[in-house]
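Chemist: My structure file start28.csv, CSV, C-alpha atoms, is below:
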chain,number,residue,atom,x,y,z
A,1,MET,CA,28.4,31.4,138.8
A,2,ALA,CA,32.1,31.5,137.8
A,3,ARG,CA,33.1,33.6,134.9
A,4,PRO,CA,34.3,31.6,131.8
A,5,PRO,CA,38.1,31.7,131.3
A,6,LEU,CA,39.2,35.0,129.7
A,7,THR,CA,40.7,34.7,126.2
A,8,ARG,CA,43.0,37.1,124.3
A,9,ASP,CA,40.5,37.4,121.6
A,10,GLU,CA,37.8,38.5,124.1
A,11,VAL,CA,40.2,41.1,125.5
A,12,LEU,CA,41.0,42.5,122.1
A,13,THR,CA,37.3,42.6,121.0
A,14,THR,CA,36.3,44.4,124.1
A,15,ALA,CA,39.2,46.9,123.8
A,16,ALA,CA,38.3,47.5,120.2
A,17,ASN,CA,34.7,48.3,121.2
A,18,LEU,CA,35.8,50.7,123.9
A,19,VAL,CA,38.1,52.5,121.4
A,20,LYS,CA,35.3,52.6,118.9
A,21,GLN,CA,32.9,54.2,121.4
A,22,TYR,CA,35.2,56.6,123.3
A,23,GLY,CA,38.5,56.8,121.4
A,24,PRO,CA,42.0,55.5,122.2
A,25,ASP,CA,42.6,58.0,125.0
A,26,ALA,CA,39.7,56.5,127.0
A,27,LEU,CA,41.1,53.0,126.8
A,28,THR,CA,42.8,52.2,130.2
A,29,MET,CA,43.6,48.8,131.6
A,30,ARG,CA,41.4,49.5,134.6
A,31,LYS,CA,38.4,50.4,132.4
A,32,LEU,CA,39.0,47.4,130.2
A,33,ALA,CA,39.2,45.1,133.2
A,34,ALA,CA,35.9,46.6,134.6
A,35,GLU,CA,34.2,46.0,131.2
A,36,LEU,CA,35.4,42.4,131.2
A,37,GLY,CA,34.6,41.8,134.9
A,38,THR,CA,38.1,40.6,135.7
A,39,ALA,CA,41.2,41.8,137.4
A,40,VAL,CA,43.7,44.1,135.8
A,41,THR,CA,46.4,41.5,136.3
A,42,SER,CA,44.5,39.1,134.1
A,43,ILE,CA,44.5,41.7,131.2
A,44,TYR,CA,48.3,42.0,131.6
A,45,TRP,CA,48.7,38.3,131.4
A,46,HIS,CA,46.8,38.1,128.1
A,47,VAL,CA,48.1,41.2,126.2
A,48,GLY,CA,50.9,42.8,128.2
A,49,ASN,CA,50.9,46.5,129.0
A,50,ARG,CA,48.7,49.2,127.4
A,51,GLU,CA,51.2,49.8,124.6
A,52,SER,CA,51.3,46.1,123.8
A,53,LEU,CA,47.5,46.1,123.8
A,54,LEU,CA,47.4,49.1,121.3
A,55,ASP,CA,49.9,47.3,119.1
A,56,ALA,CA,47.8,44.2,119.1
A,57,LEU,CA,44.7,46.3,118.2
A,58,VAL,CA,46.6,47.8,115.3
A,59,GLU,CA,47.7,44.4,114.1
A,60,ARG,CA,44.1,43.2,114.3
A,61,THR,CA,42.8,46.1,112.3
A,62,VAL,CA,45.5,45.5,109.6
A,63,ALA,CA,44.5,41.8,109.5
A,64,ASP,CA,40.8,42.7,109.3
A,65,LEU,CA,41.4,44.8,106.2
A,66,GLY,CA,43.4,42.0,104.7
A,67,GLU,CA,40.3,39.8,104.7
A,68,ILE,CA,38.6,41.8,101.9
A,69,ARG,CA,37.7,39.5,99.1
A,70,PRO,CA,36.4,40.6,95.6
A,71,SER,CA,33.0,39.4,94.4
A,72,GLY,CA,31.3,39.7,91.0
A,73,ALA,CA,31.5,38.3,87.5
A,74,THR,CA,33.7,41.0,85.9
A,75,PRO,CA,36.8,42.9,86.8
A,76,HIS,CA,34.7,46.1,87.0
A,77,ALA,CA,32.3,44.5,89.5
A,78,ARG,CA,35.1,43.0,91.6
A,79,VAL,CA,37.0,46.3,91.8
A,80,VAL,CA,33.8,48.0,92.9
A,81,SER,CA,33.2,45.3,95.5
A,82,VAL,CA,36.7,45.8,97.0
A,83,ALA,CA,36.2,49.5,97.1
A,84,ARG,CA,32.8,49.1,98.9
A,85,ALA,CA,34.2,46.7,101.4
A,86,LEU,CA,37.2,48.9,102.1
A,87,ARG,CA,34.9,51.9,102.7
A,88,ARG,CA,32.7,49.9,105.1
A,89,ARG,CA,35.6,48.8,107.1
A,90,LEU,CA,37.2,52.2,107.3
A,91,ARG,CA,33.8,53.6,108.3
A,92,ALA,CA,33.4,50.9,111.0
A,93,HIS,CA,36.7,51.5,112.8
A,94,PRO,CA,37.7,55.2,112.5
A,95,HIS,CA,39.5,55.3,115.8
A,96,LEU,CA,41.4,52.1,115.1
A,97,VAL,CA,42.3,53.3,111.7
A,98,ALA,CA,43.6,56.5,113.3
A,99,MET,CA,45.8,54.4,115.6
A,100,VAL,CA,47.2,52.6,112.7
A,101,HIS,CA,48.1,55.9,111.0
A,102,GLU,CA,49.7,57.2,114.2
A,103,ARG,CA,52.0,54.2,114.4
A,104,GLY,CA,53.2,54.7,110.8
A,105,LEU,CA,51.5,51.6,109.4
A,106,THR,CA,48.9,53.2,107.0
A,107,GLU,CA,50.6,51.9,103.9
A,108,ARG,CA,50.8,48.4,105.3
A,109,MET,CA,47.1,48.6,106.3
A,110,PHE,CA,46.1,49.3,102.7
A,111,LEU,CA,48.5,46.8,101.1
A,112,PRO,CA,46.0,43.8,101.1
A,113,ALA,CA,43.3,45.9,99.4
A,114,GLN,CA,45.8,47.2,96.9
A,115,GLN,CA,46.9,43.6,96.2
A,116,ALA,CA,43.3,42.6,95.6
A,117,LEU,CA,42.9,45.6,93.2
A,118,VAL,CA,46.1,44.8,91.4
A,119,ARG,CA,44.8,41.3,90.6
A,120,GLU,CA,41.6,42.8,89.1
A,121,VAL,CA,43.2,45.5,87.0
A,122,HIS,CA,45.6,42.9,85.7
A,123,ALA,CA,42.5,40.7,84.8
A,124,ALA,CA,41.1,43.8,82.9
A,125,GLY,CA,44.3,44.0,80.9
A,126,LEU,CA,46.1,46.9,82.6
A,127,ARG,CA,49.8,46.7,83.2
A,128,GLY,CA,52.6,48.9,84.5
A,129,ALA,CA,52.1,52.5,85.4
A,130,ARG,CA,48.6,52.5,84.1
A,131,ALA,CA,47.6,49.7,86.4
A,132,ALA,CA,49.3,51.4,89.4
A,133,GLU,CA,47.4,54.6,88.6
A,134,ALA,CA,44.1,52.7,88.5
A,135,VAL,CA,44.8,51.1,91.9
A,136,ARG,CA,45.7,54.4,93.5
A,137,ALA,CA,42.8,56.2,92.0
A,138,VAL,CA,40.3,53.7,93.5
A,139,GLN,CA,42.1,53.8,96.9
A,140,PHE,CA,42.2,57.6,97.0
A,141,LEU,CA,38.5,57.9,96.0
A,142,VAL,CA,37.6,55.5,98.9
A,143,VAL,CA,39.7,57.4,101.5
A,144,GLY,CA,38.5,60.8,100.2
A,145,HIS,CA,34.9,59.7,100.3
A,146,VAL,CA,35.2,58.4,103.9
A,147,LEU,CA,36.9,61.6,105.0
A,148,VAL,CA,34.1,63.7,103.5
A,149,GLU,CA,31.4,61.5,105.2
A,150,ARG,CA,33.1,61.8,108.5
A,151,ASN,CA,33.4,65.6,108.2
A,152,ARG,CA,29.8,65.9,107.3
A,153,GLU,CA,28.8,63.8,110.3
A,154,ARG,CA,30.9,65.8,112.7
A,155,SER,CA,30.1,69.3,111.4
A,156,PRO,CA,27.6,71.6,113.1
A,157,VAL,CA,24.1,71.7,111.8
A,158,GLN,CA,24.0,73.8,108.7
A,159,ARG,CA,21.6,76.7,108.6
A,160,PRO,CA,20.5,76.9,105.9
A,161,GLY,CA,21.1,73.3,104.8
A,162,GLU,CA,20.7,71.8,101.3
A,163,GLY,CA,17.0,71.2,102.0
A,164,ASP,CA,16.5,74.9,102.6
A,165,LEU,CA,18.6,76.1,99.8
A,166,TRP,CA,17.1,73.8,97.1
A,167,GLY,CA,13.7,73.2,98.6
A,168,GLU,CA,12.3,76.7,98.3
A,169,PRO,CA,10.8,77.6,94.9
A,170,GLY,CA,12.7,80.3,93.1
A,171,THR,CA,15.7,80.3,95.4
A,172,THR,CA,18.0,78.6,92.9
A,173,GLY,CA,17.1,80.8,89.9
A,174,ALA,CA,18.4,79.9,86.5
A,175,ALA,CA,20.6,77.1,87.9
A,176,VAL,CA,17.5,74.9,88.0
A,177,GLY,CA,15.4,76.2,85.2
A,178,ASP,CA,12.5,73.8,84.6
A,179,ASP,CA,14.3,70.9,86.2
A,180,GLN,CA,12.4,70.8,89.5
A,181,ALA,CA,13.2,67.1,89.9
A,182,LEU,CA,16.8,68.1,90.2
A,183,ALA,CA,15.9,70.7,92.9
A,184,ARG,CA,13.9,68.1,94.8
A,185,ALA,CA,16.7,65.5,94.6
A,186,LEU,CA,19.3,68.1,95.9
A,187,ALA,CA,16.9,69.1,98.7
A,188,ALA,CA,16.6,65.4,99.9
A,189,PRO,CA,19.1,63.9,102.3
A,190,VAL,CA,22.3,62.4,100.8
A,191,ASP,CA,22.5,58.6,100.5
A,192,PRO,CA,26.2,58.1,101.0
A,193,GLU,CA,26.2,54.4,100.1
A,194,ARG,CA,24.5,55.0,96.8
A,195,LEU,CA,26.6,58.1,96.0
A,196,PHE,CA,29.8,56.2,96.7
A,197,THR,CA,28.8,53.3,94.5
A,198,THR,CA,27.9,55.7,91.7
A,199,SER,CA,31.2,57.5,92.0
A,200,VAL,CA,33.4,54.4,92.2
A,201,SER,CA,31.6,52.6,89.4
A,202,ALA,CA,32.0,55.6,87.1
A,203,LEU,CA,35.7,55.9,88.0
A,204,VAL,CA,36.3,52.2,87.5
A,205,LYS,CA,34.5,52.2,84.1
A,206,SER,CA,36.7,55.1,82.9
A,207,LEU,CA,39.9,53.3,84.2
A,208,LEU,CA,39.2,49.8,82.9
A,209,GLY,CA,37.1,50.5,79.8
A,210,PRO,CA,33.5,49.9,79.0
A,211,GLY,CA,33.9,46.2,78.3
A,212,THR,CA,34.9,45.1,81.8
Written as structure tokens, that's how I'd like the structure from this file.
Modeler:
Amino acid sequence: MARPPLTRDEVLTTAANLVKQYGPDALTMRKLAAELGTAVTSIYWHVGNRESLLDALVERTVADLGEIRPSGATPHARVVSVARALRRRLRAHPHLVAMVHERGLTERMFLPAQQALVREVHAAGLRGARAAEAVRAVQFLVVGHVLVERNRERSPVQRPGEGDLWGEPGTTGAAVGDDQALARALAAPVDPERLFTTSVSALVKSLLGPGT
């Protein structure tokens, strides 16, 4: 059975998946052609050479982040929704985001999310330097949280870990006192999504005010 005609979008999607799995250095035209079940010449026809392919992947990543749309009934809820969406997309494409950074397009990549945040902080009544500070505070929290998550995932197994340090009675001394629920919570695995939402929600509340 003949293979359906190859499309540029199919080439880019497959290339993005290879980068996600193995990193940019593992992306070769030969490997991509094998993954698609086609000839290398067909890849060149659709996307040009490898550098052109990488540029197209960068443009696609920038465009993907540009599709973030706020949701919620209040500026507070909409800012939190933008932050959560931005975190998810940065988490989903770490190698592609790194490629964007290496090509000096990081600021452009974040511009659509910044623009969405600007509209919401304006709706909350912030203007000028105060509005700019709020936008950047949210952006930096998102990026910082993603970096911490990535470092935790890639770090060696910790011995002792939090479960060991907080799970043994008496090991935490006066720091816990009679708050054993705290010790149990700190001994449990971290829920990054919940922790992020708690952090960004608290930050946005302090930036926009309690009535937003």
Chemist: If we count all atoms listed in the file, what is near Ala187 of chain A at a cut-off of 9 Å, once residues fewer than 5 positions away on the same chain are taken out, given as number ranges by chain?
Modeler: A: 161-168, 182
Chemist: Can you write out the residues you just picked, keeping C-alpha atoms, as a tab-separated table (two decimals), in the frame of the given file?
Modeler:
chain	number	residue	atom	x	y	z
A	161	GLY	CA	21.10	73.30	104.80
A	162	GLU	CA	20.70	71.80	101.30
A	163	GLY	CA	17.00	71.20	102.00
A	164	ASP	CA	16.50	74.90	102.60
A	165	LEU	CA	18.60	76.10	99.80
A	166	TRP	CA	17.10	73.80	97.10
A	167	GLY	CA	13.70	73.20	98.60
A	168	GLU	CA	12.30	76.70	98.30
A	182	LEU	CA	16.80	68.10	90.20
Chemist: Give me the residues within 12 Å of Ala98 of chain A as a ChimeraX atom specification, counting only C-alpha atoms and dropping any in the same chain fewer than 2 places off.
Modeler: /A:19-20,23-25,54,57-58,61-62,90-96,100-106,109,147
Chemist: What is the distance, in Å and to one decimal place, between atom CA of Thr38 of chain A and atom CA of Leu12 of chain A?
Modeler: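 Atom CA of Leu12 of chain A lies at a distance of 14.0 Å from atom CA of Thr38 of chain A.
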Chemist: Pick the closest to Leu6 of chain A from A:Met99, A:His122, A:Leu36, A:Val143: which is it, counting only C-alpha atoms?
Modeler: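 The answer is A:Leu36, which sits nearest to Leu6 of chain A.
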Chemist: Please compute the atom CA of Glu59 of chain A-atom CA of Phe196 of chain A distance, one decimal, in Å.
Modeler: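 It comes out at 27.6 Å.
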Chemist: Quick one: distance from atom CA of Val82 of chain A to atom CA of Glu67 of chain A in Å, one decimal?
Modeler: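 Result for atom CA of Val82 of chain A versus atom CA of Glu67 of chain A: 10.4 Å, one decimal.
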Chemist: Excluding Ala113 of chain A and any residue of its chain fewer than 3 positions from it, enumerate the residues within 9 Å of it, using all atoms listed in the file, and give them as a list in words.
Modeler: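 Counting only the stated atoms, we get Leu65, Gly66, Glu67, Ile68, Arg69, Val82, Ala83, Leu86, Met109, Phe110, Ala116, Leu117, Val118 and Gln139 of chain A.
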Chemist: If we count all atoms listed in the file, what is near Pro75 of chain A at a cut-off of 12 Å, once residues fewer than 3 positions away on the same chain are taken out, given as a list in words?
Modeler: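 My reading of the contact set: Pro70, Ser71, Gly72, Arg78, Val79, Val80, Ser81, Val82, Ala116, Leu117, Val118, Arg119, Glu120, Val121, His122, Ala123, Ala124, Gly125, Leu126, Ser201, Val204, Lys205, Leu207, Leu208, Gly209, Pro210, Gly211 and Thr212 of chain A.
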Chemist: Which is closer to Arg136 of chain A than all the others in A:Leu195, A:Val148, A:Leu111, A:Leu186, using all atoms listed in the file?
Modeler: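 Result for the nearest residue to Arg136 of chain A: A:Leu111.
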Chemist: Quick one: of A:Ser206, A:Gln21, A:Pro192, A:Lys31, who's nearest to Glu153 of chain A, counting all atoms listed in the file?
Modeler: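 The shortest atom-to-atom distance to Glu153 of chain A comes from A:Pro192.
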Chemist: Just want the 10 Å neighbourhood of Ala137 of chain A, counted on all atoms listed in the file, with same-chain residues fewer than 4 positions away dropped. Output as a PyMOL selection string.
Modeler: chain A and resi 131-133+141-142+200+203-204+207
Chemist: Identify which of the residues A:Gln158, A:Val11, A:Ala56, A:Ala183 lies closest to Ala39 of chain A, counting all atoms listed in the file when measuring atom-to-atom distances.
Modeler: A:Val11
Chemist: Choose the residue, out of A:Ser52, A:Asn151, A:Thr197, A:Thr7, that has the smallest atom-to-atom separation from Ala85 of chain A; count only C-alpha atoms.
Modeler: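 Among the listed residues, A:Thr197 lies closest to Ala85 of chain A.
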Chemist: When you write segment 175-205 of chain A out from the block above, keep N, CA and C atoms and present the result as a PDB file, in the first residue's frame, please.
Modeler:
ATOM      1  N   ALA A 175      11.235  21.825  65.423  1.00  0.00           N
ATOM      2  CA  ALA A 175      10.691  22.453  64.226  1.00  0.00           C
ATOM      3  C   ALA A 175       9.249  22.045  63.983  1.00  0.00           C
ATOM      4  N   VAL A 176       8.896  20.831  64.370  1.00  0.00           N
ATOM      5  CA  VAL A 176       7.544  20.324  64.165  1.00  0.00           C
ATOM      6  C   VAL A 176       6.672  20.551  65.382  1.00  0.00           C
ATOM      7  N   GLY A 177       7.223  20.357  66.546  1.00  0.00           N
ATOM      8  CA  GLY A 177       6.424  20.463  67.765  1.00  0.00           C
ATOM      9  C   GLY A 177       5.316  19.432  67.750  1.00  0.00           C
ATOM     10  N   ASP A 178       4.091  19.895  67.980  1.00  0.00           N
ATOM     11  CA  ASP A 178       2.966  18.956  67.988  1.00  0.00           C
ATOM     12  C   ASP A 178       2.251  18.917  66.632  1.00  0.00           C
ATOM     13  N   ASP A 179       2.852  19.536  65.597  1.00  0.00           N
ATOM     14  CA  ASP A 179       2.217  19.580  64.272  1.00  0.00           C
ATOM     15  C   ASP A 179       2.660  18.370  63.444  1.00  0.00           C
ATOM     16  N   GLN A 180       2.145  17.208  63.810  1.00  0.00           N
ATOM     17  CA  GLN A 180       2.502  15.993  63.088  1.00  0.00           C
ATOM     18  C   GLN A 180       1.904  15.951  61.683  1.00  0.00           C
ATOM     19  N   ALA A 181       0.797  16.673  61.494  1.00  0.00           N
ATOM     20  CA  ALA A 181       0.213  16.748  60.154  1.00  0.00           C
ATOM     21  C   ALA A 181       1.184  17.435  59.189  1.00  0.00           C
ATOM     22  N   LEU A 182       1.899  18.449  59.681  1.00  0.00           N
ATOM     23  CA  LEU A 182       2.914  19.108  58.867  1.00  0.00           C
ATOM     24  C   LEU A 182       4.009  18.132  58.478  1.00  0.00           C
ATOM     25  N   ALA A 183       4.485  17.360  59.457  1.00  0.00           N
ATOM     26  CA  ALA A 183       5.549  16.395  59.176  1.00  0.00           C
ATOM     27  C   ALA A 183       5.104  15.376  58.137  1.00  0.00           C
ATOM     28  N   ARG A 184       3.870  14.900  58.266  1.00  0.00           N
ATOM     29  CA  ARG A 184       3.364  13.914  57.297  1.00  0.00           C
ATOM     30  C   ARG A 184       3.257  14.524  55.902  1.00  0.00           C
ATOM     31  N   ALA A 185       2.828  15.788  55.844  1.00  0.00           N
ATOM     32  CA  ALA A 185       2.681  16.449  54.549  1.00  0.00           C
ATOM     33  C   ALA A 185       4.037  16.662  53.883  1.00  0.00           C
ATOM     34  N   LEU A 186       5.054  17.043  54.671  1.00  0.00           N
ATOM     35  CA  LEU A 186       6.390  17.249  54.120  1.00  0.00           C
ATOM     36  C   LEU A 186       7.063  15.928  53.747  1.00  0.00           C
ATOM     37  N   ALA A 187       6.644  14.855  54.375  1.00  0.00           N
ATOM     38  CA  ALA A 187       7.186  13.527  54.045  1.00  0.00           C
ATOM     39  C   ALA A 187       6.559  12.960  52.780  1.00  0.00           C
ATOM     40  N   ALA A 188       5.396  13.470  52.407  1.00  0.00           N
ATOM     41  CA  ALA A 188       4.698  12.969  51.216  1.00  0.00           C
ATOM     42  C   ALA A 188       5.334  13.544  49.953  1.00  0.00           C
ATOM     43  N   PRO A 189       5.151  12.875  48.804  1.00  0.00           N
ATOM     44  CA  PRO A 189       5.689  13.392  47.537  1.00  0.00           C
ATOM     45  C   PRO A 189       5.092  14.755  47.198  1.00  0.00           C
ATOM     46  N   VAL A 190       5.878  15.579  46.539  1.00  0.00           N
ATOM     47  CA  VAL A 190       5.429  16.901  46.127  1.00  0.00           C
ATOM     48  C   VAL A 190       4.445  16.776  44.961  1.00  0.00           C
ATOM     49  N   ASP A 191       3.369  17.551  45.010  1.00  0.00           N
ATOM     50  CA  ASP A 191       2.445  17.668  43.884  1.00  0.00           C
ATOM     51  C   ASP A 191       2.779  18.972  43.168  1.00  0.00           C
ATOM     52  N   PRO A 192       3.607  18.923  42.100  1.00  0.00           N
ATOM     53  CA  PRO A 192       4.082  20.166  41.472  1.00  0.00           C
ATOM     54  C   PRO A 192       2.960  21.049  40.937  1.00  0.00           C
ATOM     55  N   GLU A 193       1.938  20.454  40.361  1.00  0.00           N
ATOM     56  CA  GLU A 193       0.835  21.242  39.798  1.00  0.00           C
ATOM     57  C   GLU A 193       0.116  22.021  40.893  1.00  0.00           C
ATOM     58  N   ARG A 194      -0.179  21.336  41.989  1.00  0.00           N
ATOM     59  CA  ARG A 194      -0.874  22.001  43.094  1.00  0.00           C
ATOM     60  C   ARG A 194       0.010  23.073  43.725  1.00  0.00           C
ATOM     61  N   LEU A 195       1.285  22.771  43.908  1.00  0.00           N
ATOM     62  CA  LEU A 195       2.201  23.738  44.507  1.00  0.00           C
ATOM     63  C   LEU A 195       2.345  24.963  43.617  1.00  0.00           C
ATOM     64  N   PHE A 196       2.424  24.739  42.304  1.00  0.00           N
ATOM     65  CA  PHE A 196       2.535  25.864  41.380  1.00  0.00           C
ATOM     66  C   PHE A 196       1.291  26.740  41.445  1.00  0.00           C
ATOM     67  N   THR A 197       0.121  26.121  41.422  1.00  0.00           N
ATOM     68  CA  THR A 197      -1.126  26.892  41.449  1.00  0.00           C
ATOM     69  C   THR A 197      -1.232  27.698  42.742  1.00  0.00           C
ATOM     70  N   THR A 198      -0.850  27.095  43.860  1.00  0.00           N
ATOM     71  CA  THR A 198      -0.865  27.806  45.139  1.00  0.00           C
ATOM     72  C   THR A 198       0.073  29.010  45.097  1.00  0.00           C
ATOM     73  N   SER A 199       1.273  28.799  44.548  1.00  0.00           N
ATOM     74  CA  SER A 199       2.282  29.860  44.510  1.00  0.00           C
ATOM     75  C   SER A 199       1.857  31.004  43.604  1.00  0.00           C
ATOM     76  N   VAL A 200       1.420  30.684  42.395  1.00  0.00           N
ATOM     77  CA  VAL A 200       1.079  31.743  41.454  1.00  0.00           C
ATOM     78  C   VAL A 200      -0.188  32.468  41.886  1.00  0.00           C
ATOM     79  N   SER A 201      -1.129  31.744  42.489  1.00  0.00           N
ATOM     80  CA  SER A 201      -2.356  32.377  42.962  1.00  0.00           C
ATOM     81  C   SER A 201      -2.060  33.378  44.067  1.00  0.00           C
ATOM     82  N   ALA A 202      -1.173  32.995  44.991  1.00  0.00           N
ATOM     83  CA  ALA A 202      -0.802  33.910  46.080  1.00  0.00           C
ATOM     84  C   ALA A 202      -0.075  35.137  45.535  1.00  0.00           C
ATOM     85  N   LEU A 203       0.821  34.918  44.565  1.00  0.00           N
ATOM     86  CA  LEU A 203       1.550  36.033  43.967  1.00  0.00           C
ATOM     87  C   LEU A 203       0.584  36.991  43.260  1.00  0.00           C
ATOM     88  N   VAL A 204      -0.303  36.451  42.458  1.00  0.00           N
ATOM     89  CA  VAL A 204      -1.241  37.299  41.709  1.00  0.00           C
ATOM     90  C   VAL A 204      -2.149  38.068  42.652  1.00  0.00           C
ATOM     91  N   LYS A 205      -2.588  37.431  43.719  1.00  0.00           N
ATOM     92  CA  LYS A 205      -3.431  38.129  44.696  1.00  0.00           C
ATOM     93  C   LYS A 205      -2.703  39.317  45.302  1.00  0.00           C
TER      94      LYS A 205
END
